[in-house]
file target.cif (mmCIF, C-alpha atoms)
data_input
loop_
_atom_site.label_atom_id
_atom_site.label_comp_id
_atom_site.auth_asym_id
_atom_site.auth_seq_id
_atom_site.Cartn_x
_atom_site.Cartn_y
_atom_site.Cartn_z
CA TYR G 1 0.00 0.00 0.00
CA MET G 2 1.02 3.64 -0.37
CA VAL G 3 0.76 6.25 2.38
CA MET G 4 0.14 9.82 1.19
CA GLU G 5 -0.40 13.11 2.93
CA PHE G 6 -4.05 13.97 3.47
CA LEU G 7 -4.78 17.53 2.44
CA GLU G 8 -7.86 19.58 3.17
CA GLY G 9 -8.60 22.57 0.99
CA ARG G 10 -8.95 23.16 -2.74
CA ASP G 11 -6.72 23.77 -5.70
CA LEU G 12 -6.15 27.14 -7.34
CA GLY G 13 -7.99 25.96 -10.44
CA GLN G 14 -11.19 25.73 -8.39
CA LEU G 15 -10.45 29.06 -6.75
CA VAL G 16 -9.95 31.00 -9.99
CA LEU G 17 -13.22 29.62 -11.41
CA GLU G 18 -15.04 31.70 -8.81
CA ALA G 19 -13.22 34.95 -9.63
CA PRO G 20 -9.75 36.24 -10.56
CA LEU G 21 -7.50 36.75 -7.56
CA PRO G 22 -6.24 40.09 -6.22
CA ILE G 23 -2.67 40.81 -7.29
CA GLU G 24 -1.25 40.42 -3.78
CA ARG G 25 -2.82 36.98 -3.25
CA ALA G 26 -1.79 35.75 -6.70
CA ILE G 27 1.83 36.78 -6.11
CA ASP G 28 1.78 35.23 -2.64
CA TYR G 29 0.55 31.89 -3.96
CA LEU G 30 3.05 31.90 -6.81
CA LEU G 31 5.95 32.65 -4.48
CA GLN G 32 4.92 29.73 -2.29
CA ALA G 33 4.99 27.54 -5.38
CA CYS G 34 8.43 28.94 -6.27
CA GLU G 35 9.71 27.93 -2.84
CA ALA G 36 8.61 24.32 -3.39
CA LEU G 37 9.90 24.23 -6.98
CA ALA G 38 13.30 25.55 -5.90
CA GLU G 39 13.81 22.31 -3.95
CA ALA G 40 12.84 20.22 -6.99
CA HIS G 41 14.88 22.25 -9.47
CA ALA G 42 17.92 22.11 -7.18
CA LEU G 43 17.76 18.33 -7.58
CA GLY G 44 17.43 18.64 -11.35
CA ILE G 45 13.72 17.70 -11.36
CA VAL G 46 11.44 19.49 -13.85
CA HIS G 47 7.69 19.28 -13.05
CA ARG G 48 6.42 19.69 -16.66
CA ASP G 49 2.74 19.98 -15.71
CA LEU G 50 2.35 23.11 -13.62
CA LYS G 51 -1.17 24.56 -13.69
CA PRO G 52 -3.63 25.95 -11.13
CA ALA G 53 -5.18 22.50 -10.65
CA ASN G 54 -1.78 21.19 -9.47
CA LEU G 55 -1.27 23.98 -6.94
CA PHE G 56 -3.29 23.01 -3.87
CA LEU G 57 -4.24 25.54 -1.21
CA ALA G 58 -4.14 23.34 1.88
CA GLN G 59 -5.64 24.28 5.23
CA ARG G 60 -3.30 24.26 8.20
CA PRO G 61 -4.31 23.90 11.86
CA GLY G 62 -5.49 27.29 13.06
CA GLY G 63 -6.87 28.34 9.68
CA ALA G 64 -3.63 29.32 7.90
CA THR G 65 -3.09 28.09 4.35
CA ILE G 66 -0.11 26.84 2.38
CA VAL G 67 0.32 26.14 -1.34
CA LYS G 68 1.39 22.57 -2.09
CA VAL G 69 2.75 21.61 -5.53
CA LEU G 70 1.06 18.35 -6.57
CA ASP G 71 1.33 15.74 -9.30
CA PHE G 72 4.98 15.13 -10.09
CA GLY G 73 3.78 12.09 -12.04
CA ILE G 74 5.30 13.24 -15.36
CA SER G 75 8.28 15.07 -13.89
CA ARG G 76 11.74 14.09 -15.05
CA LEU G 77 15.38 14.82 -14.37
CA ALA G 78 16.61 17.63 -16.59
CA SER G 79 19.77 15.60 -17.27
CA ASP G 80 17.83 12.50 -18.30
CA ARG G 81 17.40 13.06 -22.04
CA GLU G 82 16.22 9.55 -22.96
CA ALA G 83 14.16 8.10 -20.13
CA ARG G 84 10.41 8.61 -19.72
CA VAL G 85 9.89 9.69 -23.35
CA THR G 86 9.44 6.73 -25.69
CA ARG G 87 8.73 8.57 -28.95
CA ILE G 88 10.24 11.71 -30.38
CA ASP G 89 6.74 13.09 -31.10
CA GLU G 90 5.34 12.35 -27.63
CA ARG G 91 4.15 15.46 -25.81
CA ILE G 92 3.41 15.19 -22.12
CA GLY G 93 1.61 17.86 -20.10
CA THR G 94 -1.41 20.16 -20.28
CA PRO G 95 -1.21 22.02 -23.62
CA GLU G 96 -2.48 25.39 -22.31
CA PHE G 97 0.46 25.56 -19.91
CA MET G 98 3.16 23.91 -22.02
CA SER G 99 6.21 25.85 -23.17
CA PRO G 100 7.12 26.03 -26.88
CA GLU G 101 9.98 23.58 -26.39
CA GLN G 102 7.63 21.18 -24.62
CA LEU G 103 5.13 21.39 -27.48
CA ASN G 104 8.00 20.69 -29.87
CA ALA G 105 8.79 17.56 -27.82
CA ALA G 106 12.35 18.73 -27.25
CA ARG G 107 14.53 16.24 -25.40
CA ASP G 108 16.40 18.92 -23.46
CA ILE G 109 13.49 20.26 -21.38
CA ASP G 110 14.81 22.08 -18.33
CA ALA G 111 13.55 24.23 -15.44
CA ARG G 112 12.88 27.18 -17.76
CA SER G 113 9.89 25.23 -19.10
CA ASP G 114 8.40 25.32 -15.59
CA ILE G 115 9.02 29.07 -15.50
CA TRP G 116 6.95 29.46 -18.68
CA SER G 117 4.14 27.47 -17.05
CA LEU G 118 4.26 29.66 -13.94
CA GLY G 119 3.85 32.71 -16.16
CA VAL G 120 0.68 31.20 -17.64
CA VAL G 121 -0.54 30.26 -14.15
CA LEU G 122 -0.05 33.78 -12.83
CA TYR G 123 -1.78 35.25 -15.88
CA GLU G 124 -4.82 33.02 -15.33
CA LEU G 125 -4.95 33.67 -11.58
CA LEU G 126 -5.08 37.42 -12.26
CA THR G 127 -7.52 37.40 -15.18
CA GLY G 128 -9.41 34.10 -15.25
CA GLN G 129 -8.23 33.82 -18.86
CA LEU G 130 -5.33 32.27 -20.74
CA PRO G 131 -2.65 34.33 -22.52
CA PHE G 132 -3.03 32.30 -25.74
CA PRO G 133 -6.77 31.99 -26.50
CA ALA G 134 -7.68 29.40 -29.12
CA GLY G 135 -10.69 27.50 -30.34
CA ASP G 136 -9.04 24.09 -30.54
CA LEU G 137 -5.76 22.31 -29.89
CA PRO G 138 -4.10 23.00 -33.28
CA GLN G 139 -4.89 26.73 -32.97
CA LEU G 140 -3.53 26.71 -29.39
CA CYS G 141 -0.27 25.10 -30.50
CA VAL G 142 0.15 27.62 -33.32
CA ALA G 143 -0.52 30.51 -30.94
CA ILE G 144 2.00 29.30 -28.35
CA LEU G 145 4.66 28.61 -30.97
CA THR G 146 4.27 31.70 -33.16
CA LYS G 147 2.10 34.43 -31.64
CA PRO G 148 2.66 36.87 -28.76
CA PRO G 149 0.45 36.50 -25.68
CA VAL G 150 -2.50 38.83 -25.19
CA PRO G 151 -1.04 41.69 -23.08
CA LEU G 152 -2.03 41.37 -19.45
CA SER G 153 -3.07 45.03 -19.35
CA ALA G 154 -5.58 44.38 -22.14
CA VAL G 155 -7.64 42.13 -19.87
CA HIS G 156 -6.62 43.49 -16.44
CA SER G 157 -6.61 47.27 -16.56
CA ASP G 158 -5.16 47.67 -13.05
CA THR G 159 -2.02 45.69 -13.84
CA PRO G 160 1.22 47.44 -12.83
CA PRO G 161 3.57 47.60 -15.82
CA GLU G 162 6.26 45.88 -13.74
CA LEU G 163 4.03 42.83 -13.21
CA GLU G 164 3.18 42.73 -16.90
CA SER G 165 6.92 42.79 -17.60
CA VAL G 166 7.52 39.84 -15.25
CA ILE G 167 4.85 37.71 -16.96
CA ALA G 168 6.05 38.72 -20.44
CA ARG G 169 9.56 37.59 -19.51
CA CYS G 170 8.24 34.24 -18.30
CA LEU G 171 6.46 33.83 -21.65
CA GLU G 172 9.44 34.54 -23.89
CA LYS G 173 9.44 31.90 -26.63
CA ASP G 174 13.25 31.87 -26.59
CA ARG G 175 14.05 30.33 -23.21
CA GLU G 176 17.40 32.13 -23.14
CA LYS G 177 15.39 35.35 -22.70
CA ARG G 178 13.28 34.03 -19.82
CA TYR G 179 14.23 34.01 -16.17
CA GLN G 180 17.01 31.47 -16.08
CA ASN G 181 16.02 29.97 -12.74
CA ILE G 182 13.23 30.10 -10.19
CA ALA G 183 15.20 32.40 -7.87
CA GLU G 184 15.36 35.19 -10.47
CA LEU G 185 11.58 35.03 -10.89
CA ALA G 186 11.00 35.02 -7.12
CA GLN G 187 13.22 38.07 -6.64
CA ASP G 188 11.23 40.14 -9.13
CA LEU G 189 7.85 39.01 -7.79
CA ALA G 190 8.88 39.85 -4.24
CA ALA G 191 9.89 43.36 -5.34
CA LEU G 192 6.28 43.97 -6.46
CA TRP G 193 4.57 42.91 -3.23
CA GLU G 194 5.09 44.81 -0.01
CA GLY G 195 3.75 41.92 2.06
CA GLU G 196 6.48 39.53 1.00
CA SER G 197 8.75 38.17 3.71
CA PRO G 198 12.41 38.54 2.65
CA SER G 199 13.23 35.21 4.33
CA ARG G 200 11.20 33.28 1.74
CA VAL G 201 13.09 34.69 -1.23
CA GLN G 202 16.38 34.37 0.64
CA GLN G 203 15.61 30.67 1.13
CA ILE G 204 14.86 30.21 -2.58
CA VAL G 205 18.07 32.02 -3.54
CA ARG G 206 20.11 30.00 -1.04
CA VAL G 207 18.76 26.67 -2.31
CA MET G 208 19.45 27.54 -5.94
CA ARG G 209 22.93 28.93 -5.23
CA GLU G 210 23.87 25.77 -3.34
CA ALA G 211 22.75 23.85 -6.44
CA GLY G 212 25.19 25.90 -8.53
CA ALA G 213 22.73 28.33 -10.16
CA ASN G 214 24.04 31.67 -11.40
CA ILE G 215 21.44 34.15 -10.12
CA ARG G 216 21.31 37.57 -11.72
CA PRO G 217 20.35 40.62 -9.60
CA PRO G 218 16.67 41.60 -9.43
CA THR G 219 15.30 43.74 -12.27
CA PRO G 220 15.61 47.44 -11.24
CA PHE G 221 11.95 48.37 -11.66
CA PRO G 222 11.22 52.12 -11.36
CA GLY G 223 10.86 52.99 -7.71
CA SER G 224 11.94 49.55 -6.51
CA ILE G 225 15.52 50.50 -5.74
CA THR G 226 16.94 53.56 -4.05
CA ARG G 227 19.89 55.67 -5.15
CA ALA G 228 21.79 54.55 -2.05
CA GLN G 229 21.28 50.91 -3.07
CA VAL G 230 22.53 51.66 -6.57
CA GLU G 231 25.64 53.42 -5.24
CA GLU G 232 26.28 50.54 -2.84
CA ALA G 233 25.96 48.01 -5.67
CA LEU G 234 28.45 49.99 -7.78
CA VAL G 235 31.13 50.14 -5.09
CA PRO G 236 32.94 46.96 -6.28
CA PHE G 237 33.14 48.43 -9.79
CA ALA G 238 34.44 51.90 -8.83
CA PRO G 239 37.94 52.73 -10.14
CA THR G 240 40.68 52.32 -7.56
CA PRO G 241 42.18 55.72 -6.62
CA PRO G 242 45.95 56.04 -7.09
CA PRO G 243 48.01 55.64 -3.93
CA PRO G 244 49.01 58.91 -2.26
CA ALA G 245 52.42 60.28 -3.19
CA PRO G 246 55.09 59.58 -0.57
CA VAL G 247 55.86 62.48 1.74
CA ALA G 248 59.47 63.64 1.43
CA VAL G 249 61.35 63.86 4.72
CA VAL G 250 63.83 66.75 4.76
CA THR G 251 66.82 66.20 7.03
CA GLU G 252 68.92 68.94 8.64
CA SER G 253 71.72 68.46 6.12
CA ASP G 254 69.19 68.67 3.28
CA SER G 255 67.94 71.97 4.71
CA ALA G 256 71.48 73.42 4.80
CA GLU G 257 72.13 72.39 1.20
CA LEU G 258 68.79 73.83 0.10
CA ALA G 259 69.46 77.11 1.87
CA GLN G 260 72.91 77.35 0.32
CA ALA G 261 71.48 76.68 -3.16
CA LEU G 262 68.75 79.28 -2.69
CA GLY G 263 71.29 81.79 -1.44
CA ALA G 264 73.47 81.26 -4.47
CA ALA G 265 70.50 81.70 -6.78
CA VAL G 266 69.53 84.98 -5.07
CA ASP G 267 73.12 86.26 -5.31
CA ASP G 268 73.15 85.43 -9.05
CA ARG G 269 69.87 87.31 -9.57
CA VAL G 270 71.17 90.36 -7.68
CA ALA G 271 74.42 90.32 -9.65
CA ALA G 272 72.47 90.16 -12.89
CA VAL G 273 70.43 93.24 -11.98
CA PHE G 274 73.45 95.39 -11.08
#
call {"tool": "encode", "arguments": {"input": "target.cif", "output": "structure tokens"}}
result
Amino acid sequence: YMVMEFLEGRDLGQLVLEAPLPIERAIDYLLQACEALAEAHALGIVHRDLKPANLFLAQRPGGATIVKVLDFGISRLASDREARVTRIDERIGTPEFMSPEQLNAARDIDARSDIWSLGVVLYELLTGQLPFPAGDLPQLCVAILTKPPVPLSAVHSDTPPELESVIARCLEKDREKRYQNIAELAQDLAALWEGESPSRVQQIVRVMREAGANIRPPTPFPGSITRAQVEEALVPFAPTPPPPAPVAVVTESDSAELAQALGAAVDDRVAAVF
């Protein structure tokens, strides 16, 4: 038999059917998911089927909630290029949330595919809609592979431009232009939500750094970084000032020689005048 954790609550797919979520709650839930995914990604595990229905809002004793990432049934190791996929044209996942490389059945799927999926998840949590609307599966695949997403601001008028930028970066078709790891995404999301606890993002960054990830600094959104922080960040790159010139020490004998030389020069000047 198999023993599994019993969870009480409901998934985010059920929640968003009732109404889109406020920005603060959507970011909070996504950051909780990022914290769980950091542990998986640090081990080289790619989920490959992230969607609201696989993010479960579980009730804790006392009424608090926590987001649990479910259904790692089709996850795989990013380094395992052959196992788990038996045909080159086999596509595994939920098409609405699949990255372009996943739709193309690429063998080198990595954590950046999960970052794409999180971008779609956040878009749906905020709007109740998908960024690539389509009437059927072929149209959906064409849209994901070739068309830009519907701008978030077009369906959510109160969207801060910084949040729209975060989602747009998640949904870059070229994965080299996306966030390169879950910590980079978490840093930018945390910068947009005043209620975020720094310890959560610090934990995500620590886990990914210990796994060898190269984490770029957070995006300097307007108003999200002070001048003092900028100046502090630039300190390591400031040019090194030249060392001070050595101070000459004049001895008593040097003073006598200098006085004698000055006296001779004055005498020469006087003689030249007369």
call {"tool": "resolve_selection", "arguments": {"input": "target.cif", "expression": "the PyMOL selection byres ((chain G and resi 16) around 12)", "output": "compact mmCIF listing (two decimals) with C-alpha atoms, in the frame of the given file"}}
result
# COMPACT_ATOMS: atom_id res chain seq x y z
CA ARG G 10 -8.95 23.16 -2.74
CA ASP G 11 -6.72 23.77 -5.70
CA LEU G 12 -6.15 27.14 -7.34
CA GLY G 13 -7.99 25.96 -10.44
CA GLN G 14 -11.19 25.73 -8.39
CA LEU G 15 -10.45 29.06 -6.75
CA LEU G 17 -13.22 29.62 -11.41
CA GLU G 18 -15.04 31.70 -8.81
CA ALA G 19 -13.22 34.95 -9.63
CA PRO G 20 -9.75 36.24 -10.56
CA LEU G 21 -7.50 36.75 -7.56
CA PRO G 22 -6.24 40.09 -6.22
CA ARG G 25 -2.82 36.98 -3.25
CA ALA G 26 -1.79 35.75 -6.70
CA LYS G 51 -1.17 24.56 -13.69
CA PRO G 52 -3.63 25.95 -11.13
CA ALA G 53 -5.18 22.50 -10.65
CA LEU G 55 -1.27 23.98 -6.94
CA LEU G 57 -4.24 25.54 -1.21
CA VAL G 121 -0.54 30.26 -14.15
CA LEU G 122 -0.05 33.78 -12.83
CA TYR G 123 -1.78 35.25 -15.88
CA GLU G 124 -4.82 33.02 -15.33
CA LEU G 125 -4.95 33.67 -11.58
CA LEU G 126 -5.08 37.42 -12.26
CA THR G 127 -7.52 37.40 -15.18
CA GLY G 128 -9.41 34.10 -15.25
CA GLN G 129 -8.23 33.82 -18.86
CA LEU G 130 -5.33 32.27 -20.74
call {"tool": "residues_around", "arguments": {"input": "target.cif", "residues": "Ile27 of chain G", "least_positions_apart": "4", "cutoff": "8 Å", "atoms": "all atoms listed in the file", "output": "list of chain:residue names"}}
result
G:Ile23, G:Leu31, G:Leu122, G:Leu189, G:Ala190, G:Trp193
call {"tool": "resolve_selection", "arguments": {"input": "target.cif", "expression": "the PyMOL selection byres ((chain G and resi 149-164) around 9)", "output": "MDAnalysis selection string"}}
result
chainID G and resid 23 123 126:127 129:133 143:144 147:148 165:169 171 188:189 192 221:222
call {"tool": "atom_distance", "arguments": {"input": "target.cif", "atom1": "atom CA of Ile204 of chain G", "atom2": "atom CA of Ala105 of chain G"}}
result
28.9 Å
call {"tool": "closest_residue", "arguments": {"input": "target.cif", "among": "G:Ile109, G:Glu210, G:Arg216, G:Cys141", "to": "Ile45 of chain G", "atoms": "all atoms listed in the file"}}
result
G:Ile109
call {"tool": "resolve_selection", "arguments": {"input": "target.cif", "expression": "the PyMOL selection byres ((chain G and resi 96) around 8)", "output": "PyMOL selection string"}}
result
chain G and resi 94-95+97-98+130+132+140
call {"tool": "closest_residue", "arguments": {"input": "target.cif", "among": "G:Asp28, G:Glu184, G:Glu5, G:Asp49", "to": "Ser117 of chain G", "atoms": "all atoms listed in the file"}}
result
G:Asp49
call {"tool": "residues_around", "arguments": {"input": "target.cif", "residues": "Ser199 of chain G", "least_positions_apart": "6", "cutoff": "12 Å", "atoms": "only C-alpha atoms", "output": "list in words"}}
result
Leu31, Gln32, Glu35, Ala186, Gln187, Ala190, Val205 and Arg206 of chain G
call {"tool": "atom_distance", "arguments": {"input": "target.cif", "atom1": "atom CA of Arg200 of chain G", "atom2": "atom CA of Val69 of chain G"}}
result
16.1 Å
call {"tool": "closest_residue", "arguments": {"input": "target.cif", "among": "G:Arg48, G:Val120, G:Leu137, G:Leu145", "to": "Asn104 of chain G", "atoms": "only C-alpha atoms"}}
result
G:Leu145
call {"tool": "atom_distance", "arguments": {"input": "target.cif", "atom1": "atom CA of Val46 of chain G", "atom2": "atom CA of Ser113 of chain G"}}
result
7.9 Å
call {"tool": "closest_residue", "arguments": {"input": "target.cif", "among": "G:Ile182, G:Cys34, G:Leu7, G:Ala106", "to": "Ala58 of chain G", "atoms": "all atoms listed in the file"}}
result
G:Leu7
call {"tool": "closest_residue", "arguments": {"input": "target.cif", "among": "G:Glu194, G:Glu176, G:Glu8, G:Asp136", "to": "Ile115 of chain G", "atoms": "all atoms listed in the file"}}
result
G:Glu176
call {"tool": "closest_residue", "arguments": {"input": "target.cif", "among": "G:Val3, G:Ile66, G:Ala191, G:Leu103", "to": "Pro138 of chain G", "atoms": "all atoms listed in the file"}}
result
G:Leu103
call {"tool": "decode", "arguments": {"input": "target.cif", "residues": "segment 150-161 of chain G", "atoms": "all heavy atoms", "output": "PDB file, in the first residue's frame"}}
result
ATOM      1  N   VAL G 150      -1.661  37.649 -25.353  1.00  0.00           N
ATOM      2  CA  VAL G 150      -2.500  38.832 -25.194  1.00  0.00           C
ATOM      3  C   VAL G 150      -1.940  39.633 -24.022  1.00  0.00           C
ATOM      4  O   VAL G 150      -1.746  39.076 -22.932  1.00  0.00           O
ATOM      5  CB  VAL G 150      -3.961  38.438 -24.909  1.00  0.00           C
ATOM      6  CG1 VAL G 150      -4.805  39.673 -24.631  1.00  0.00           C
ATOM      7  CG2 VAL G 150      -4.519  37.639 -26.071  1.00  0.00           C
ATOM      8  N   PRO G 151      -1.620  40.912 -24.194  1.00  0.00           N
ATOM      9  CA  PRO G 151      -1.043  41.693 -23.084  1.00  0.00           C
ATOM     10  C   PRO G 151      -1.918  41.631 -21.841  1.00  0.00           C
ATOM     11  O   PRO G 151      -3.150  41.721 -21.937  1.00  0.00           O
ATOM     12  CB  PRO G 151      -0.966  43.109 -23.659  1.00  0.00           C
ATOM     13  CG  PRO G 151      -0.939  42.924 -25.138  1.00  0.00           C
ATOM     14  CD  PRO G 151      -1.773  41.713 -25.421  1.00  0.00           C
ATOM     15  N   LEU G 152      -1.284  41.462 -20.710  1.00  0.00           N
ATOM     16  CA  LEU G 152      -2.028  41.373 -19.455  1.00  0.00           C
ATOM     17  C   LEU G 152      -2.880  42.621 -19.225  1.00  0.00           C
ATOM     18  O   LEU G 152      -4.023  42.532 -18.767  1.00  0.00           O
ATOM     19  CB  LEU G 152      -1.052  41.168 -18.292  1.00  0.00           C
ATOM     20  CG  LEU G 152      -1.666  40.979 -16.908  1.00  0.00           C
ATOM     21  CD1 LEU G 152      -2.533  39.727 -16.860  1.00  0.00           C
ATOM     22  CD2 LEU G 152      -0.566  40.904 -15.851  1.00  0.00           C
ATOM     23  N   SER G 153      -2.348  43.780 -19.569  1.00  0.00           N
ATOM     24  CA  SER G 153      -3.066  45.030 -19.347  1.00  0.00           C
ATOM     25  C   SER G 153      -4.320  45.144 -20.208  1.00  0.00           C
ATOM     26  O   SER G 153      -5.229  45.919 -19.900  1.00  0.00           O
ATOM     27  CB  SER G 153      -2.149  46.221 -19.621  1.00  0.00           C
ATOM     28  OG  SER G 153      -1.610  46.145 -20.930  1.00  0.00           O
ATOM     29  N   ALA G 154      -4.400  44.345 -21.278  1.00  0.00           N
ATOM     30  CA  ALA G 154      -5.581  44.385 -22.145  1.00  0.00           C
ATOM     31  C   ALA G 154      -6.787  43.722 -21.500  1.00  0.00           C
ATOM     32  O   ALA G 154      -7.928  44.016 -21.857  1.00  0.00           O
ATOM     33  CB  ALA G 154      -5.277  43.708 -23.477  1.00  0.00           C
ATOM     34  N   VAL G 155      -6.541  42.824 -20.539  1.00  0.00           N
ATOM     35  CA  VAL G 155      -7.642  42.129 -19.866  1.00  0.00           C
ATOM     36  C   VAL G 155      -7.682  42.406 -18.367  1.00  0.00           C
ATOM     37  O   VAL G 155      -8.600  41.957 -17.677  1.00  0.00           O
ATOM     38  CB  VAL G 155      -7.561  40.604 -20.105  1.00  0.00           C
ATOM     39  CG1 VAL G 155      -7.889  40.278 -21.540  1.00  0.00           C
ATOM     40  CG2 VAL G 155      -6.183  40.062 -19.746  1.00  0.00           C
ATOM     41  N   HIS G 156      -6.678  43.125 -17.869  1.00  0.00           N
ATOM     42  CA  HIS G 156      -6.622  43.487 -16.444  1.00  0.00           C
ATOM     43  C   HIS G 156      -6.087  44.912 -16.374  1.00  0.00           C
ATOM     44  O   HIS G 156      -4.884  45.140 -16.298  1.00  0.00           O
ATOM     45  CB  HIS G 156      -5.709  42.519 -15.687  1.00  0.00           C
ATOM     46  CG  HIS G 156      -5.797  42.610 -14.195  1.00  0.00           C
ATOM     47  ND1 HIS G 156      -5.467  43.741 -13.495  1.00  0.00           N
ATOM     48  CD2 HIS G 156      -6.185  41.691 -13.265  1.00  0.00           C
ATOM     49  CE1 HIS G 156      -5.626  43.524 -12.198  1.00  0.00           C
ATOM     50  NE2 HIS G 156      -6.072  42.278 -12.041  1.00  0.00           N
ATOM     51  N   SER G 157      -7.007  45.865 -16.393  1.00  0.00           N
ATOM     52  CA  SER G 157      -6.613  47.270 -16.556  1.00  0.00           C
ATOM     53  C   SER G 157      -5.799  47.813 -15.395  1.00  0.00           C
ATOM     54  O   SER G 157      -5.097  48.810 -15.538  1.00  0.00           O
ATOM     55  CB  SER G 157      -7.862  48.141 -16.747  1.00  0.00           C
ATOM     56  OG  SER G 157      -8.745  47.993 -15.646  1.00  0.00           O
ATOM     57  N   ASP G 158      -5.882  47.167 -14.227  1.00  0.00           N
ATOM     58  CA  ASP G 158      -5.159  47.672 -13.048  1.00  0.00           C
ATOM     59  C   ASP G 158      -3.766  47.064 -12.913  1.00  0.00           C
ATOM     60  O   ASP G 158      -3.113  47.220 -11.885  1.00  0.00           O
ATOM     61  CB  ASP G 158      -5.964  47.377 -11.774  1.00  0.00           C
ATOM     62  CG  ASP G 158      -7.290  48.121 -11.745  1.00  0.00           C
ATOM     63  OD1 ASP G 158      -7.357  49.208 -12.358  1.00  0.00           O
ATOM     64  OD2 ASP G 158      -8.238  47.611 -11.128  1.00  0.00           O
ATOM     65  N   THR G 159      -3.320  46.368 -13.924  1.00  0.00           N
ATOM     66  CA  THR G 159      -2.023  45.692 -13.840  1.00  0.00           C
ATOM     67  C   THR G 159      -0.869  46.691 -13.802  1.00  0.00           C
ATOM     68  O   THR G 159      -0.750  47.536 -14.690  1.00  0.00           O
ATOM     69  CB  THR G 159      -1.819  44.780 -15.058  1.00  0.00           C
ATOM     70  OG1 THR G 159      -2.852  43.809 -15.087  1.00  0.00           O
ATOM     71  CG2 THR G 159      -0.471  44.075 -14.979  1.00  0.00           C
ATOM     72  N   PRO G 160       0.010  46.615 -12.798  1.00  0.00           N
ATOM     73  CA  PRO G 160       1.225  47.440 -12.828  1.00  0.00           C
ATOM     74  C   PRO G 160       2.105  47.022 -14.004  1.00  0.00           C
ATOM     75  O   PRO G 160       2.197  45.825 -14.310  1.00  0.00           O
ATOM     76  CB  PRO G 160       1.905  47.117 -11.493  1.00  0.00           C
ATOM     77  CG  PRO G 160       0.863  46.471 -10.654  1.00  0.00           C
ATOM     78  CD  PRO G 160      -0.078  45.788 -11.591  1.00  0.00           C
ATOM     79  N   PRO G 161       2.720  47.971 -14.676  1.00  0.00           N
ATOM     80  CA  PRO G 161       3.574  47.599 -15.825  1.00  0.00           C
ATOM     81  C   PRO G 161       4.699  46.658 -15.433  1.00  0.00           C
ATOM     82  O   PRO G 161       5.135  45.834 -16.237  1.00  0.00           O
ATOM     83  CB  PRO G 161       4.092  48.947 -16.337  1.00  0.00           C
ATOM     84  CG  PRO G 161       3.864  49.923 -15.219  1.00  0.00           C
ATOM     85  CD  PRO G 161       2.677  49.429 -14.465  1.00  0.00           C
TER      86      PRO G 161
END
